[in-house]
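Structure file my_file_7.csv (CSV, C-alpha atoms) is printed below.
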```
chain,number,residue,atom,x,y,z
A,1,MET,CA,160.5,251.4,2.6
A,2,VAL,CA,159.6,250.4,6.2
A,3,TYR,CA,156.7,247.9,6.5
A,4,THR,CA,154.3,249.4,9.0
A,5,PRO,CA,150.8,248.1,8.2
A,6,LYS,CA,147.8,248.6,10.5
A,7,VAL,CA,147.5,245.6,12.8
A,8,SER,CA,144.2,244.5,14.3
A,9,ILE,CA,144.4,242.3,17.4
A,10,ILE,CA,141.4,240.2,18.2
A,11,VAL,CA,141.0,238.8,21.7
A,12,LEU,CA,138.2,236.3,22.0
A,13,ASN,CA,136.8,235.9,25.5
A,14,TYR,CA,134.4,233.6,27.3
A,15,ASN,CA,134.5,233.9,31.1
A,16,GLY,CA,138.2,234.6,31.0
A,17,GLY,CA,138.1,237.5,33.4
A,18,LYS,CA,141.0,236.2,35.5
A,19,TYR,CA,143.3,236.3,32.4
A,20,LEU,CA,142.1,239.5,30.7
A,21,LYS,CA,144.1,242.1,32.6
A,22,GLU,CA,147.4,240.4,32.0
A,23,CYS,CA,146.6,239.8,28.4
A,24,LEU,CA,145.3,243.3,27.6
A,25,ASP,CA,148.0,245.1,29.6
A,26,SER,CA,150.7,243.2,27.7
A,27,VAL,CA,149.1,243.9,24.3
A,28,LEU,CA,148.8,247.6,25.1
A,29,ARG,CA,152.5,247.7,26.1
A,30,THR,CA,153.4,246.5,22.6
A,31,ASP,CA,156.2,248.7,21.1
A,32,TYR,CA,154.3,248.9,17.8
A,33,HIS,CA,151.6,251.5,17.8
A,34,ASN,CA,149.7,251.2,14.5
A,35,ILE,CA,147.2,248.9,16.1
A,36,GLU,CA,143.6,248.4,17.1
A,37,VAL,CA,142.5,246.0,19.8
A,38,ILE,CA,139.2,244.3,19.6
A,39,VAL,CA,137.7,242.1,22.4
A,40,VAL,CA,134.9,239.8,21.3
A,41,ASP,CA,133.0,238.6,24.3
A,42,ASN,CA,131.0,235.4,23.8
A,43,ALA,CA,128.3,236.1,26.4
A,44,SER,CA,130.4,235.9,29.5
A,45,ASP,CA,128.7,235.9,32.8
A,46,ASP,CA,131.8,236.6,34.9
A,47,GLY,CA,131.8,240.4,34.6
A,48,SER,CA,134.4,240.4,31.7
A,49,PRO,CA,132.6,242.9,29.5
A,50,GLU,CA,132.0,245.3,32.3
A,51,PHE,CA,135.7,245.0,33.3
A,52,VAL,CA,136.8,245.9,29.7
A,53,LYS,CA,134.4,248.8,29.5
A,54,LYS,CA,135.6,250.2,32.8
A,55,HIS,CA,139.4,249.8,32.5
A,56,TYR,CA,140.1,249.7,28.7
A,57,PRO,CA,138.0,252.4,27.0
A,58,GLN,CA,140.6,252.4,24.1
A,59,VAL,CA,139.6,248.8,23.3
A,60,ILE,CA,136.8,248.0,20.9
A,61,LEU,CA,134.3,245.7,22.7
A,62,ILE,CA,131.9,243.5,20.8
A,63,GLU,CA,129.3,241.7,23.0
A,64,ASN,CA,127.7,238.6,21.5
A,65,GLU,CA,124.3,237.6,22.8
A,66,LYS,CA,125.4,233.9,23.1
A,67,ASN,CA,128.5,231.8,23.0
A,68,LEU,CA,129.2,231.5,19.3
A,69,GLY,CA,132.4,229.4,19.7
A,70,PHE,CA,135.9,230.0,18.7
A,71,CYS,CA,135.3,230.1,14.9
A,72,GLU,CA,132.3,232.4,14.6
A,73,GLY,CA,133.4,234.5,17.6
A,74,ASN,CA,136.7,235.3,15.8
A,75,ASN,CA,134.9,235.7,12.5
A,76,ILE,CA,132.8,238.6,14.0
A,77,GLY,CA,136.0,240.2,15.2
A,78,ILE,CA,137.6,239.8,11.7
A,79,ARG,CA,134.6,241.4,10.0
A,80,LYS,CA,135.0,244.4,12.4
A,81,ALA,CA,138.8,244.7,12.0
A,82,THR,CA,140.3,247.3,9.7
A,83,GLY,CA,143.9,246.3,9.7
A,84,GLU,CA,145.9,244.8,6.9
A,85,ILE,CA,147.3,242.2,9.3
A,86,ILE,CA,144.9,240.5,11.7
A,87,ILE,CA,146.2,238.8,14.8
A,88,LEU,CA,144.0,236.3,16.6
A,89,LEU,CA,145.0,236.0,20.3
A,90,ASN,CA,143.7,233.8,23.0
A,91,ASN,CA,142.7,235.6,26.2
A,92,ASP,CA,145.0,233.4,28.4
A,93,THR,CA,148.2,234.8,26.8
A,94,ILE,CA,150.8,237.3,27.7
A,95,VAL,CA,152.7,238.9,24.8
A,96,ASP,CA,156.3,240.1,24.6
A,97,SER,CA,156.6,243.8,23.8
A,98,LYS,CA,158.3,243.1,20.5
A,99,TRP,CA,156.0,240.4,19.3
A,100,ILE,CA,154.3,242.4,16.5
A,101,LYS,CA,157.6,243.6,15.0
A,102,GLU,CA,158.8,240.0,14.9
A,103,ILE,CA,155.6,239.0,13.1
A,104,LEU,CA,155.9,241.8,10.6
A,105,LYS,CA,159.5,240.7,9.8
A,106,LYS,CA,158.0,237.6,8.3
A,107,ALA,CA,154.7,239.0,7.1
A,108,GLU,CA,156.6,241.5,4.9
A,109,ASP,CA,157.3,238.6,2.5
A,110,PRO,CA,154.5,238.6,-0.1
A,111,LYS,CA,154.6,234.8,-0.2
A,112,VAL,CA,153.8,234.5,3.5
A,113,GLY,CA,150.1,234.3,4.3
A,114,ILE,CA,150.0,233.2,8.0
A,115,VAL,CA,152.5,233.7,10.7
A,116,GLY,CA,152.6,231.9,14.0
A,117,CYS,CA,154.4,232.7,17.3
A,118,ARG,CA,156.8,231.0,19.6
A,119,LEU,CA,154.4,229.8,22.3
A,120,TYR,CA,156.0,229.3,25.7
A,121,PHE,CA,154.5,228.1,29.0
A,122,PRO,CA,154.2,231.2,31.3
A,123,GLY,CA,157.2,232.3,33.2
A,124,SER,CA,159.6,230.0,31.3
A,125,LYS,CA,161.3,229.3,28.0
A,126,ILE,CA,159.6,225.8,27.9
A,127,ILE,CA,158.1,225.5,24.4
A,128,GLN,CA,154.4,224.9,24.1
A,129,SER,CA,154.5,225.0,20.3
A,130,LEU,CA,156.6,226.4,17.4
A,131,GLY,CA,154.1,225.2,14.9
A,132,PHE,CA,153.0,221.7,13.8
A,133,ARG,CA,154.1,219.2,11.2
A,134,MET,CA,152.1,216.2,10.1
A,135,ARG,CA,153.6,212.8,11.0
A,136,PHE,CA,150.8,210.8,9.4
A,137,LEU,CA,147.3,211.8,8.3
A,138,GLY,CA,145.4,213.1,11.3
A,139,TYR,CA,148.5,213.3,13.6
A,140,TRP,CA,150.5,216.5,13.8
A,141,GLU,CA,153.4,216.9,16.2
A,142,SER,CA,154.0,220.1,18.0
A,143,ILE,CA,157.6,221.2,17.2
A,144,GLY,CA,159.8,221.4,20.3
A,145,ALA,CA,156.9,220.9,22.7
A,146,GLY,CA,158.0,220.4,26.3
A,147,GLN,CA,161.6,221.3,25.6
A,148,ILE,CA,163.6,224.4,26.8
A,149,ASP,CA,164.3,226.7,23.9
A,150,ASN,CA,168.0,227.0,23.7
A,151,GLY,CA,168.0,228.1,20.1
A,152,GLN,CA,167.9,224.6,18.7
A,153,PHE,CA,164.8,225.4,16.7
A,154,ASP,CA,165.8,228.9,15.4
A,155,GLU,CA,165.8,227.6,11.8
A,156,ILE,CA,162.3,226.4,12.0
A,157,ARG,CA,160.2,228.4,9.5
A,158,ASP,CA,157.7,226.7,7.2
A,159,VAL,CA,155.2,224.4,9.0
A,160,ASP,CA,151.9,222.7,8.2
A,161,PHE,CA,149.9,224.8,10.6
A,162,VAL,CA,150.4,227.2,13.6
A,163,SER,CA,148.3,227.4,16.7
A,164,GLY,CA,145.2,229.6,16.7
A,165,ALA,CA,146.2,230.8,20.2
A,166,ALA,CA,148.4,233.4,18.5
A,167,LEU,CA,148.0,233.5,14.8
A,168,ALA,CA,148.5,236.4,12.3
A,169,ILE,CA,146.9,236.4,8.9
A,170,LYS,CA,146.9,238.9,6.1
A,171,ARG,CA,143.6,240.4,5.0
A,172,GLU,CA,144.4,239.5,1.4
A,173,VAL,CA,144.5,235.9,2.5
A,174,ILE,CA,141.1,236.1,4.2
A,175,LYS,CA,139.7,237.7,1.0
A,176,LYS,CA,141.0,234.8,-1.0
A,177,ILE,CA,140.3,231.7,1.2
A,178,GLY,CA,137.5,233.0,3.5
A,179,LEU,CA,137.0,233.2,7.2
A,180,PHE,CA,137.2,230.3,9.8
A,181,ASP,CA,134.8,227.5,8.8
A,182,SER,CA,132.2,228.1,11.5
A,183,GLU,CA,131.1,224.4,11.2
A,184,PHE,CA,134.1,223.5,13.3
A,185,TYR,CA,132.9,225.6,16.2
A,186,ALA,CA,136.1,225.1,18.2
A,187,TYR,CA,139.3,223.0,17.9
A,188,ASN,CA,141.2,222.1,14.7
A,189,GLU,CA,139.9,225.1,12.9
A,190,ASP,CA,143.5,226.4,12.8
A,191,LYS,CA,144.5,223.3,10.8
A,192,ASP,CA,141.7,223.9,8.3
A,193,LEU,CA,142.6,227.6,7.9
A,194,CYS,CA,146.3,227.0,7.4
A,195,TYR,CA,145.6,224.1,5.0
A,196,ARG,CA,143.4,226.4,2.9
A,197,ALA,CA,146.1,229.1,2.9
A,198,ARG,CA,148.8,226.7,1.8
A,199,LYS,CA,146.6,225.3,-0.9
A,200,ALA,CA,146.0,228.8,-2.2
A,201,GLY,CA,149.8,229.2,-2.5
A,202,TYR,CA,150.7,231.0,0.7
A,203,ARG,CA,153.4,230.0,3.1
A,204,VAL,CA,152.6,229.3,6.8
A,205,ILE,CA,155.6,230.0,9.0
A,206,THR,CA,156.7,230.4,12.5
A,207,SER,CA,158.2,233.7,13.7
A,208,ASN,CA,160.4,234.8,16.7
A,209,ALA,CA,157.4,236.5,18.3
A,210,VAL,CA,157.2,235.3,21.9
A,211,VAL,CA,153.8,234.7,23.4
A,212,TYR,CA,153.3,233.0,26.8
A,213,HIS,CA,150.2,230.8,26.8
A,214,TYR,CA,148.5,229.3,29.9
A,215,GLY,CA,146.3,226.8,28.0
A,216,SER,CA,145.6,223.5,29.7
A,217,MET,CA,148.6,223.1,32.0
A,218,SER,CA,147.1,220.5,34.4
A,219,TRP,CA,148.2,217.0,33.4
A,220,ASP,CA,145.2,215.2,34.7
A,221,ARG,CA,142.6,217.7,33.4
A,222,PHE,CA,140.0,215.6,31.5
A,223,GLN,CA,137.4,217.3,29.3
A,224,ILE,CA,135.1,214.9,27.5
A,225,LYS,CA,133.6,217.8,25.4
A,226,LYS,CA,137.1,219.0,24.3
A,227,ILE,CA,138.2,215.4,23.3
A,228,TYR,CA,135.0,214.9,21.5
A,229,LEU,CA,135.2,218.1,19.5
A,230,ASN,CA,138.8,217.5,18.7
A,231,ASN,CA,138.0,214.1,17.2
A,232,ARG,CA,134.9,215.3,15.5
A,233,ASN,CA,136.6,218.2,13.8
A,234,LEU,CA,139.6,216.0,12.9
A,235,LEU,CA,137.3,213.8,11.0
A,236,ARG,CA,135.6,216.7,9.4
A,237,PHE,CA,138.9,218.1,8.3
A,238,VAL,CA,139.7,214.7,6.6
A,239,ILE,CA,136.3,214.6,5.0
A,240,LYS,CA,136.6,218.1,3.8
A,241,HIS,CA,140.1,217.9,2.3
A,242,TYR,CA,140.8,214.3,1.4
A,243,SER,CA,139.3,211.6,-0.8
A,244,PRO,CA,136.8,209.0,0.4
A,245,LYS,CA,139.5,206.4,0.0
A,246,ALA,CA,141.8,208.4,2.3
A,247,LEU,CA,139.0,208.8,4.8
A,248,LEU,CA,138.4,205.0,4.9
A,249,ARG,CA,142.1,204.3,5.4
A,250,PHE,CA,142.3,207.1,8.1
A,251,THR,CA,139.3,205.7,10.0
A,252,PHE,CA,141.0,202.3,10.5
A,253,GLU,CA,144.6,203.4,10.7
A,254,TYR,CA,144.5,206.6,12.8
A,255,PRO,CA,143.2,205.2,16.1
A,256,ILE,CA,145.8,202.4,16.1
A,257,LYS,CA,148.8,204.4,15.0
A,258,SER,CA,148.1,207.4,17.2
A,259,LEU,CA,147.5,205.1,20.3
A,260,LYS,CA,150.8,203.3,19.6
A,261,LEU,CA,152.8,206.5,19.2
A,262,ASP,CA,151.2,208.2,22.3
A,263,LEU,CA,151.9,205.1,24.5
A,264,ILE,CA,155.5,204.9,23.2
A,265,LYS,CA,156.0,208.6,24.0
A,266,PHE,CA,154.5,208.1,27.5
A,267,LEU,CA,156.6,205.1,28.3
A,268,LEU,CA,159.7,207.1,27.3
A,269,SER,CA,158.5,210.1,29.4
A,270,GLU,CA,158.4,212.2,26.3
A,271,THR,CA,154.9,213.6,26.4
A,272,VAL,CA,154.6,217.3,26.9
A,273,SER,CA,152.7,216.9,30.1
A,274,GLN,CA,155.4,214.7,31.6
A,275,ARG,CA,158.1,217.2,30.7
A,276,VAL,CA,156.2,220.2,32.0
A,277,THR,CA,154.5,218.8,35.2
A,278,VAL,CA,155.9,216.8,38.1
A,279,GLN,CA,153.2,216.9,40.7
A,280,ASN,CA,151.5,213.6,39.9
A,281,HIS,CA,152.8,210.2,41.2
A,282,GLN,CA,153.8,207.8,38.5
A,283,THR,CA,151.0,205.3,39.3
A,284,LYS,CA,148.4,208.1,38.9
A,285,LYS,CA,150.0,209.3,35.7
A,286,ILE,CA,149.7,205.7,34.2
A,287,PHE,CA,146.0,205.5,35.3
A,288,ILE,CA,145.2,208.9,33.7
A,289,GLN,CA,147.0,208.1,30.5
A,290,ILE,CA,145.2,204.8,30.1
A,291,ARG,CA,141.9,206.4,30.9
A,292,ASN,CA,142.4,209.2,28.4
A,293,GLU,CA,143.5,206.9,25.6
A,294,ILE,CA,140.5,204.6,26.1
A,295,PHE,CA,138.1,207.6,26.1
A,296,SER,CA,139.8,209.1,23.1
A,297,ILE,CA,139.3,205.9,21.1
A,298,ILE,CA,135.6,205.6,22.1
A,299,LEU,CA,135.0,209.3,21.4
A,300,PHE,CA,136.8,209.0,18.0
A,301,PHE,CA,134.1,206.5,16.8
A,302,VAL,CA,131.3,208.5,18.5
A,303,ALA,CA,132.6,211.5,16.6
A,304,LEU,CA,132.7,209.5,13.4
A,305,LEU,CA,129.0,209.1,13.5
A,306,SER,CA,128.6,212.9,13.9
A,307,ALA,CA,131.2,213.7,11.3
A,308,ILE,CA,129.5,211.9,8.5
A,309,MET,CA,126.2,213.8,9.1
A,310,PRO,CA,125.3,216.6,6.7
A,311,PHE,CA,127.1,219.9,7.5
A,312,LYS,CA,123.8,221.5,8.5
A,313,ASN,CA,123.7,219.3,11.6
A,314,GLN,CA,127.2,220.2,12.8
A,315,ASN,CA,126.2,222.7,15.4
A,316,MET,CA,124.5,220.2,17.6
A,317,ILE,CA,127.3,220.4,20.2
A,318,SER,CA,127.6,223.7,22.1
A,319,LYS,CA,130.8,224.5,23.8
```
As structure tokens:
Amino acid sequence: MVYTPKVSIIVLNYNGGKYLKECLDSVLRTDYHNIEVIVVDNASDDGSPEFVKKHYPQVILIENEKNLGFCEGNNIGIRKATGEIIILLNNDTIVDSKWIKEILKKAEDPKVGIVGCRLYFPGSKIIQSLGFRMRFLGYWESIGAGQIDNGQFDEIRDVDFVSGAALAIKREVIKKIGLFDSEFYAYNEDKDLCYRARKAGYRVITSNAVVYHYGSMSWDRFQIKKIYLNNRNLLRFVIKHYSPKALLRFTFEYPIKSLKLDLIKFLLSETVSQRVTVQNHQTKKIFIQIRNEIFSIILFFVALLSAIMPFKNQNMISK
């Protein structure tokens, strides 16, 4: 029997009007037709909701009164969705026409709970991510990142987590493990979701579904809020899922080990940014790398203070 479940595609948007047309046009060109498309708008002020209403009447539009962040924004879309398979898709993506069929080839396995995509940088076969595997506690490496996909990773399947930029999850899994943990607000929530799915006995795998993702492509882009939230939520992930002893060890070991590994990769020109971009002079790259590493360490310990607060105080930071 052919596996043809209803698929709900949720596109979360916040002031992403410049990406929406490409994203929605590609989604609606998908060669799998048992779908519903839901756009959840997090109180954009760039005309995004009006654009969707005018040009995409077939799309279900949910307009939030304020920016609820990645987690709760997607949770609202999931609650509205009626599909057996729910795909979370960033607004700055372009999907291949066969992407859903490739996802379903893997989702048909009852042991599979979450399916990720082959994320490429736009207009190329340069890998952004094929999923992530933990190197040490708190440090996950993006499989194949920055490399041209020549089929060398075709056997990659089970991973620790897949990117929330294009993530498919079965409704049965959500019923069992719950929605996104809204306390994360944004960043590292995909690690938490996949961890809970694997703990519940489901496989998390990468598929051959191709999705092009803009993401943060500028090498010298520096976002203090993003770095802070990444560190805060990483700490919260460890607090939530590991023992106090593991947390203590992580607090002292992670900054040193991650800094050492990042600097080695940089000196060997093996960071994703170095592989993908060439516009910066070497001196400028060195300055930016040192600056980012210093601020990351500082914000790690700032985040530590926030992370050990009671969960009720976790929404103090607004994206």
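For the atom pair formed by CA of Met134 (chain A) and CA of Asp96 (chain A), the distance is 28.3 Å, given to one decimal.
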Using all atoms listed in the file, which residue out of A:Thr82, A:Ser48, A:Asn34, A:Ser207 lies closest to Arg171 (chain A)?
A:Thr82
With the cut-off set at 10 Å and counting all atoms listed in the file, tabulate each residue of region 164-190 of chain A with an atom at most that distance from an atom of region 67-70 of chain A, showing the nearest atom pair and its distance in Å to one decimal, ordered by chain and increasing number, as JSON lines.
```
{"residue": "A:Gly164", "atom": "CA", "partner": "A:Phe70", "partner_atom": "CA", "distance": 9.5}
{"residue": "A:Phe180", "atom": "CA", "partner": "A:Phe70", "partner_atom": "CA", "distance": 9.0}
{"residue": "A:Ser182", "atom": "CA", "partner": "A:Gly69", "partner_atom": "CA", "distance": 8.3}
{"residue": "A:Glu183", "atom": "CA", "partner": "A:Gly69", "partner_atom": "CA", "distance": 9.9}
{"residue": "A:Phe184", "atom": "CA", "partner": "A:Phe70", "partner_atom": "CA", "distance": 8.6}
{"residue": "A:Tyr185", "atom": "CA", "partner": "A:Gly69", "partner_atom": "CA", "distance": 5.2}
{"residue": "A:Ala186", "atom": "CA", "partner": "A:Phe70", "partner_atom": "CA", "distance": 4.9}
{"residue": "A:Tyr187", "atom": "CA", "partner": "A:Phe70", "partner_atom": "CA", "distance": 7.8}
{"residue": "A:Glu189", "atom": "CA", "partner": "A:Phe70", "partner_atom": "CA", "distance": 8.6}
```
Restrict the selected residues to C-alpha atoms and save them as an mmCIF file, in the coordinates of the input.
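File again-v1.cif, as written:
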```
data_model
loop_
_atom_site.group_PDB
_atom_site.id
_atom_site.type_symbol
_atom_site.label_atom_id
_atom_site.label_comp_id
_atom_site.auth_asym_id
_atom_site.auth_seq_id
_atom_site.Cartn_x
_atom_site.Cartn_y
_atom_site.Cartn_z
ATOM 1 C CA GLY A 164 145.200 229.600 16.700
ATOM 2 C CA PHE A 180 137.200 230.300 9.800
ATOM 3 C CA SER A 182 132.200 228.100 11.500
ATOM 4 C CA GLU A 183 131.100 224.400 11.200
ATOM 5 C CA PHE A 184 134.100 223.500 13.300
ATOM 6 C CA TYR A 185 132.900 225.600 16.200
ATOM 7 C CA ALA A 186 136.100 225.100 18.200
ATOM 8 C CA TYR A 187 139.300 223.000 17.900
ATOM 9 C CA GLU A 189 139.900 225.100 12.900
#
```
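Ranking A:Tyr56, A:Tyr202, A:Phe136, A:Tyr120 by their shortest atom-to-atom distance to Ser163 (chain A), with all atoms listed in the file included, puts A:Tyr120 first.
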Hey, which of A:Lys170, A:Lys226, A:Arg232, A:His213 ends up closest to Phe301 (chain A)? Count all atoms listed in the file.
A:Arg232
So the first atom is CA of Gln152 (chain A) and the second is CA of Arg118 (chain A); what is the distance between them in Å, to one decimal place?
12.8 Å
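Take CA of Tyr14 (chain A) and CA of Ala81 (chain A): the distance between them is 19.4 Å.
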Using all atoms listed in the file, which residues sit within 10 Å of Ile205 (chain A) once same-chain residues fewer than 6 positions away are excluded, as a PyMOL selection string?
chain A and resi 103+106-107+112-117+130-132+156-162+194
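In this comparison, which uses only C-alpha atoms, the residue of A:Ile76, A:Ile126, A:Ile87, A:Val52 approaching Glu36 (chain A) most closely is A:Ile87.
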